[in-house]
Each structure stands twice: as C-alpha cells, then as structure tokens.
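Novice: My questions all concern the structure below.
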2 protein chains.
Amino acid sequence: MNASQLETLHAGRYLSLVRRGHWEFATRHGATGVVGLIAVTNEAKMLLVEQLRPPLGKRVLELPAGLSGDIPGEEAESLVRAARRELLEETGYEAQEVRLLTEGPSSAGLTDEMISFFLMTGLTKTGAGGGDASENIIVHEVPLTAMPRWLEEHRHAGWAIDPKIYVGLFWIEHNSRSMGDNDRT
Amino acid sequence: MNASQLETLHAGRYLSLVRRGHWEFATRHGATGVVGLIAVTNEAKMLLVEQLRPPLGKRVLELPAGLSGDIPGEEAESLVRAARRELLEETGYEAQEVRLLTEGPSSAGLTDEMISFFLMTGLTKTGAGGGDASENIIVHEVPLTAMPRWLEEHRHAGWAIDPKIYVGLFWIEHNSRSMGDNDRT
C-alpha cells in the first residue's frame with residue numbers, strides 16, 4: 001500500500017467513493033470536520049436530537065452534531081465556532097463553556113471521517129432550535145440519571161440509538177481538567 | 001424523499017456509493033452486520049486492537065471488531081458466531097459468555113452501517129491472535145482502571161482512538177442484567 005495513491009472511483013456532490021491500494025472508503029467534500037456535542041444543562045439534563053436519517057430510513061437519537069466549514073464563504077470556520085453554531089441551530093441553546101474532549105474516527109474501515117467531541121456547559125436557551133431549513137429535528141432534554149434506561153426503552157420501541165451518546169455519557173462521568181483540552185473562545 | 005428510491009452511483013467491490021433522494025451515503029457489500037467486541041479478561045483488563053487503517057493512513061486503537069457473513073459459504077453466520085470468530089482471530093481469546101448489549105449506526109449521515117456491541121467475558125487464551133492473512137494486528141490488554149489515561153496518552157502521541165472504546169467503557173461500568181439481551185449460544 002502506498003499512502004500517496006488515492007484513486008477516485010466516483011465523485012458525488014457530498015461524498016466520494018475512493019480507493020487506496022485495495023481499500024475502498026467514503027470521504028466527504030466541502031467540510032473541514034465533524035463536531036459531536038455533549039451538551040449538559042444546568043439542571044443536569046443532556047440534550048439529544050431526533051431526526052429521520054435517509055441512510056437508515058428511520059428516526060435516530062443522536063448527539064447534536066454537524067459539519068464545520070460547510071457553509072460557502074465560511075470555509076475557515078473553526079471547530080469551536082461550528083460547535084456553537086450547530087448547538088444553537090439544532091437545540092436553541094448557547095454555551096458559556098466549550099471544551100474539546102477527544103476526537104476519533106467514525107468508522108475507521110469505511111471512511112476517513114473524524115469526529116471531534118465537545119463538552120458544552122453553562123447553557124442558556126436563546127433560540128427555537130430544530131435545525132436549518134433542510135432539517136426537521138426534535139430536541140430531547142433527558143436527565144442524566146435516567147439516560148441509560150431511557151435509551152434502552154427507545155431502542156426497544158424502534159428508534160436507532162447512536163452509540164456516540166454513550167461516548168458522551170462516559171465523558172460526562174469522567175470529566176476532569178486533566179483529560180482533554182480547555183477552550184473558551 | 002421516497003424511501004424506495006435507491007440509486008447506485010457507483011458499485012465498488014466492497015462498498016457502493018448510493019443516493020436516496022438528495023442524500024448520498026456509503027453501503028457495504030457482502031456482509032450482514034458489523035460486530036464490536038467489548039472483551040474483558042478475568043484480570044479486569046480490556047482487549048484492544050491496534051492496526052494501520054488505510055482510510056486514515058495511521059494506526060488506530062479500536063475495539064476488536066469485524067463483519068458477519070463476509071466469508072463465502074458462511075453468509076448465514078450469526079452475529080454471535082461472528083463475534084466469537086473475530087475475537088479469536090484478532091486477539092486469540094475464546095469467550096464463555098457472549099451478550100448483546102446494544103446496537104446503533106456508525107455514522108448515520110454517511111452510511112447505513114449498523115454496529116452490534118457484544119460483551120465477552122469468561123475469556124481463555126487459546127490462539128495467537130493478530131488477525132487473518134490480510135491483517136496485521138497488535139493486541140493490547142489494558143487494566144480497566146488505567147484506560148482513560150492510557151487512551152489520552154496514546155492520542156497525544158499520535159494514535160487515533162476509536163470513540164467506540166468509550167462506548168465499551170460506559171457499558172462495562174453500567175453492566176446489569178436489566179440492560180441488554182442475554183445470549184450464551
């Protein structure tokens with residue numbers, strides 16, 4: 001395998017199918033990163049979003065999330081700014097503290113997509129939420145103590161549960177200044 | 001969006017790029033599922049695998065994982081059987097107890113891939129591990145109590161850390177019979 005040999009099998013509008021050696025994978029266009037938002041209110045509730053996801057054809061419960069640098073003219077948008085914008089768009093909340101916790105691959109065999117997880121606290125509701133014009137998002141505010149059971153109940157009732165919610169729950173429980181990088185910009 | 005209209009933009013050997021309405025996503029061929037293995041030894045160590053991932057061009061620390069039904073003649077392989085096979089192939093361990101914890105989408109905007117998480121305990125080392133002929137896998141056995149710091153140290157040293165490891169840590173801490181489905185087959 002030569003890391004420099006990247007062959008485009010098909011360039012779509014948002015995604016390309018590419019090949020490196022014998023390995024095929026998907027890569028995004030027109031975005032610089034993906035942010036996943038671990039947002040906790042002052043009442044110890046976690047914010048989740050529910051939306052219909054075309055690839056799965058069903059409603060999915062997820063962390064608020066989105067792309068950075070995907071708006072024309074805003075290609076240099078930082079991850080932190082994208083995190084703030086997406087939280088407001090999707091949930092209607094603004095965060096006083098935004099902190100990068102960790103980052104890693106979505107599905108290392110299938111895509112080069114990396115997701116950056118931000119802890120967002122000091123929340124104030126200033127907007128309606130619900131996503132942009134192309135989205136139809138329902139916001140859930142779930143007490144942290146009720147989360148594991150709430151997720152199981154929804155999974156058994158037919159919702160898809162994004163495993164990244166459990167990443168969020170782990171980091172909330174293990175949150176300390178020694179883990180992760182601080183950022184209040 | 002009509003859920004029945006699925007257009008293939010390009011069919012690769014392992015992946016296709018497809019479109020439903022305006023939404024492009026990647027879908028796998030020749031497999032019936034993906035298993036992620038949360039494997040804990042009797043000494044309270046978690047098994048992780050390290051391998052070079054062509055999409056990322058770097059070494060990734062991950063849960064042991066793999067596809068079900070991807071071997072010719074074994075298309076009907078169950079998820080539980082795939083979980084046992086992959087654990088043995090990648091780590092050299094056999095598990096007495098195999099239990100489905102949860103399942104969910106890898107990246108709900110980008111692919112229809114779903115991953116099923118299994119807790120594997122009662123482990124006995126019976127093989128060499130290291131993966132099949134096409135893989136070059138290093139196995140790590142990390143004490144659970146050391147995991148968060150160990151992962152942070154490796155991330156800062158340049159490894160990619162699959163966030164699904166944190167899914168595993170959450171479920172290990174919250175493991176109870178009331179959450180998830182039991183399976184000893």
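Labels for the structure tokens follow display order: chains A, B, ..., residues from 1 in each chain, ligands from 1.
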Distance cut-off 6 Å, counting only C-alpha atoms - which residues of chain B neighbour chain A? Return them as a CSV table (one decimal) with C-alpha atoms, in the first residue's frame.
Specialist:
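Result written to selection37.csv:
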chain,number,residue,atom,x,y,z
B,55,PRO,CA,-8.6,5.4,5.1
B,56,LEU,CA,-6.9,7.4,7.9
B,104,GLY,CA,-26.6,1.5,16.5
B,105,PRO,CA,-25.4,3.4,13.5
B,111,THR,CA,-23.6,5.2,5.9
B,112,ASP,CA,-26.3,2.7,6.7
B,160,ALA,CA,-6.2,7.6,16.5
B,161,ILE,CA,-8.6,6.5,19.2
B,162,ASP,CA,-11.9,4.9,18.1
B,163,PRO,CA,-14.6,6.5,20.2
B,166,TYR,CA,-15.6,4.7,25.3
B,167,VAL,CA,-18.9,3.0,24.4
B,170,PHE,CA,-19.5,3.0,29.6
Novice: If you run DSSP on this backbone, which residues of chain B come out as strand (DSSP E or B), and could you give them as an mmCIF file with C-alpha atoms, in the first residue's frame?
Specialist:
data_model
loop_
_atom_site.group_PDB
_atom_site.id
_atom_site.type_symbol
_atom_site.label_atom_id
_atom_site.label_comp_id
_atom_site.auth_asym_id
_atom_site.auth_seq_id
_atom_site.Cartn_x
_atom_site.Cartn_y
_atom_site.Cartn_z
ATOM 1 C CA LEU B 6 -32.304 3.999 -4.016
ATOM 2 C CA GLU B 7 -29.941 4.876 -6.846
ATOM 3 C CA THR B 8 -26.457 3.357 -7.148
ATOM 4 C CA LEU B 9 -23.915 5.993 -8.130
ATOM 5 C CA HIS B 10 -21.000 3.554 -8.135
ATOM 6 C CA ALA B 11 -20.704 -0.088 -7.118
ATOM 7 C CA LEU B 15 -18.616 -0.540 -0.870
ATOM 8 C CA SER B 16 -21.153 1.281 -3.001
ATOM 9 C CA LEU B 17 -21.905 4.967 -3.157
ATOM 10 C CA VAL B 18 -25.694 5.315 -3.323
ATOM 11 C CA ARG B 19 -28.287 8.106 -3.213
ATOM 12 C CA ARG B 20 -31.763 8.286 -1.680
ATOM 13 C CA TRP B 23 -28.874 12.129 0.271
ATOM 14 C CA GLU B 24 -25.657 10.315 -0.670
ATOM 15 C CA PHE B 25 -24.239 7.571 1.521
ATOM 16 C CA ALA B 26 -21.967 4.528 1.528
ATOM 17 C CA THR B 27 -23.230 0.973 1.895
ATOM 18 C CA ARG B 28 -21.291 -2.276 2.335
ATOM 19 C CA GLY B 33 -23.572 -6.945 10.029
ATOM 20 C CA VAL B 34 -20.708 -5.451 11.999
ATOM 21 C CA VAL B 35 -19.755 -6.586 15.497
ATOM 22 C CA GLY B 36 -17.817 -4.546 18.082
ATOM 23 C CA LEU B 37 -16.387 -6.613 20.916
ATOM 24 C CA ILE B 38 -16.198 -5.363 24.495
ATOM 25 C CA ALA B 39 -13.910 -8.079 25.839
ATOM 26 C CA VAL B 40 -12.811 -8.107 29.471
ATOM 27 C CA LYS B 45 -8.214 -5.966 31.507
ATOM 28 C CA MET B 46 -9.922 -4.769 28.335
ATOM 29 C CA LEU B 47 -8.727 -6.104 24.987
ATOM 30 C CA LEU B 48 -7.956 -3.517 22.315
ATOM 31 C CA VAL B 49 -6.511 -3.940 18.859
ATOM 32 C CA GLU B 50 -4.136 -1.668 17.023
ATOM 33 C CA GLN B 51 -3.866 -1.657 13.234
ATOM 34 C CA LEU B 52 -2.962 0.585 10.333
ATOM 35 C CA ARG B 53 -6.180 1.832 8.738
ATOM 36 C CA LYS B 58 -2.403 5.962 10.574
ATOM 37 C CA ARG B 59 -2.513 3.427 13.375
ATOM 38 C CA VAL B 60 -5.864 3.198 15.137
ATOM 39 C CA LEU B 61 -6.676 1.782 18.580
ATOM 40 C CA GLU B 62 -10.091 0.101 18.443
ATOM 41 C CA ALA B 65 -14.398 -5.892 15.546
ATOM 42 C CA GLY B 66 -15.378 -7.394 12.247
ATOM 43 C CA LEU B 67 -18.039 -8.315 9.752
ATOM 44 C CA SER B 68 -20.569 -11.135 9.892
ATOM 45 C CA TYR B 93 -9.198 -15.397 23.128
ATOM 46 C CA GLU B 94 -12.334 -17.524 23.403
ATOM 47 C CA ALA B 95 -15.259 -16.283 25.487
ATOM 48 C CA GLN B 96 -17.513 -18.289 27.759
ATOM 49 C CA GLU B 97 -20.212 -15.580 27.860
ATOM 50 C CA VAL B 98 -21.303 -13.526 24.869
ATOM 51 C CA ARG B 99 -24.019 -10.953 25.403
ATOM 52 C CA LEU B 100 -25.548 -8.401 23.028
ATOM 53 C CA LEU B 101 -25.513 -5.001 24.772
ATOM 54 C CA THR B 102 -26.761 -2.539 22.177
ATOM 55 C CA GLU B 103 -26.581 -1.676 18.517
ATOM 56 C CA GLY B 104 -26.619 1.511 16.514
ATOM 57 C CA PRO B 105 -25.415 3.405 13.455
ATOM 58 C CA THR B 111 -23.633 5.225 5.877
ATOM 59 C CA MET B 114 -25.036 -0.588 11.978
ATOM 60 C CA ILE B 115 -22.734 -1.982 14.648
ATOM 61 C CA SER B 116 -23.745 -4.525 17.292
ATOM 62 C CA PHE B 117 -21.837 -4.365 20.573
ATOM 63 C CA PHE B 118 -21.175 -7.614 22.438
ATOM 64 C CA LEU B 119 -19.857 -8.030 25.958
ATOM 65 C CA MET B 120 -17.465 -11.002 26.009
ATOM 66 C CA THR B 121 -16.321 -12.418 29.332
ATOM 67 C CA GLY B 122 -15.015 -15.676 30.787
ATOM 68 C CA LEU B 123 -12.023 -15.384 28.444
ATOM 69 C CA THR B 124 -9.402 -18.076 27.805
ATOM 70 C CA LYS B 125 -6.398 -17.595 25.558
ATOM 71 C CA ILE B 138 -1.305 -5.769 17.656
ATOM 72 C CA VAL B 139 -3.310 -6.748 20.758
ATOM 73 C CA HIS B 140 -3.255 -4.605 23.898
ATOM 74 C CA GLU B 141 -4.504 -5.807 27.284
ATOM 75 C CA VAL B 142 -5.106 -2.699 29.368
ATOM 76 C CA PRO B 143 -6.286 -2.631 33.004
ATOM 77 C CA ALA B 160 -6.186 7.600 16.504
ATOM 78 C CA ILE B 161 -8.586 6.454 19.242
ATOM 79 C CA ASP B 181 -30.167 -9.123 25.910
#
Novice: Report the distance between CA of Glu89 (chain A) and CA of Asp132 (chain A) in Å, rounded to one decimal place.
Specialist: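 Separating CA of Glu89 (chain A) from CA of Asp132 (chain A) is a distance of 6.4 Å.
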Novice: Quick one: residues within 12 Å of Glu74 (chain A), only C-alpha atoms, excluding same-chain residues fewer than 4 positions away - as a count of residues only?
Specialist: 12
Novice: For the helix (DSSP H, G or I) assignment from backbone DSSP, which residues of chain B qualify? Please present them as number ranges by chain.
Specialist: B: 79-91, 144-156, 164-173
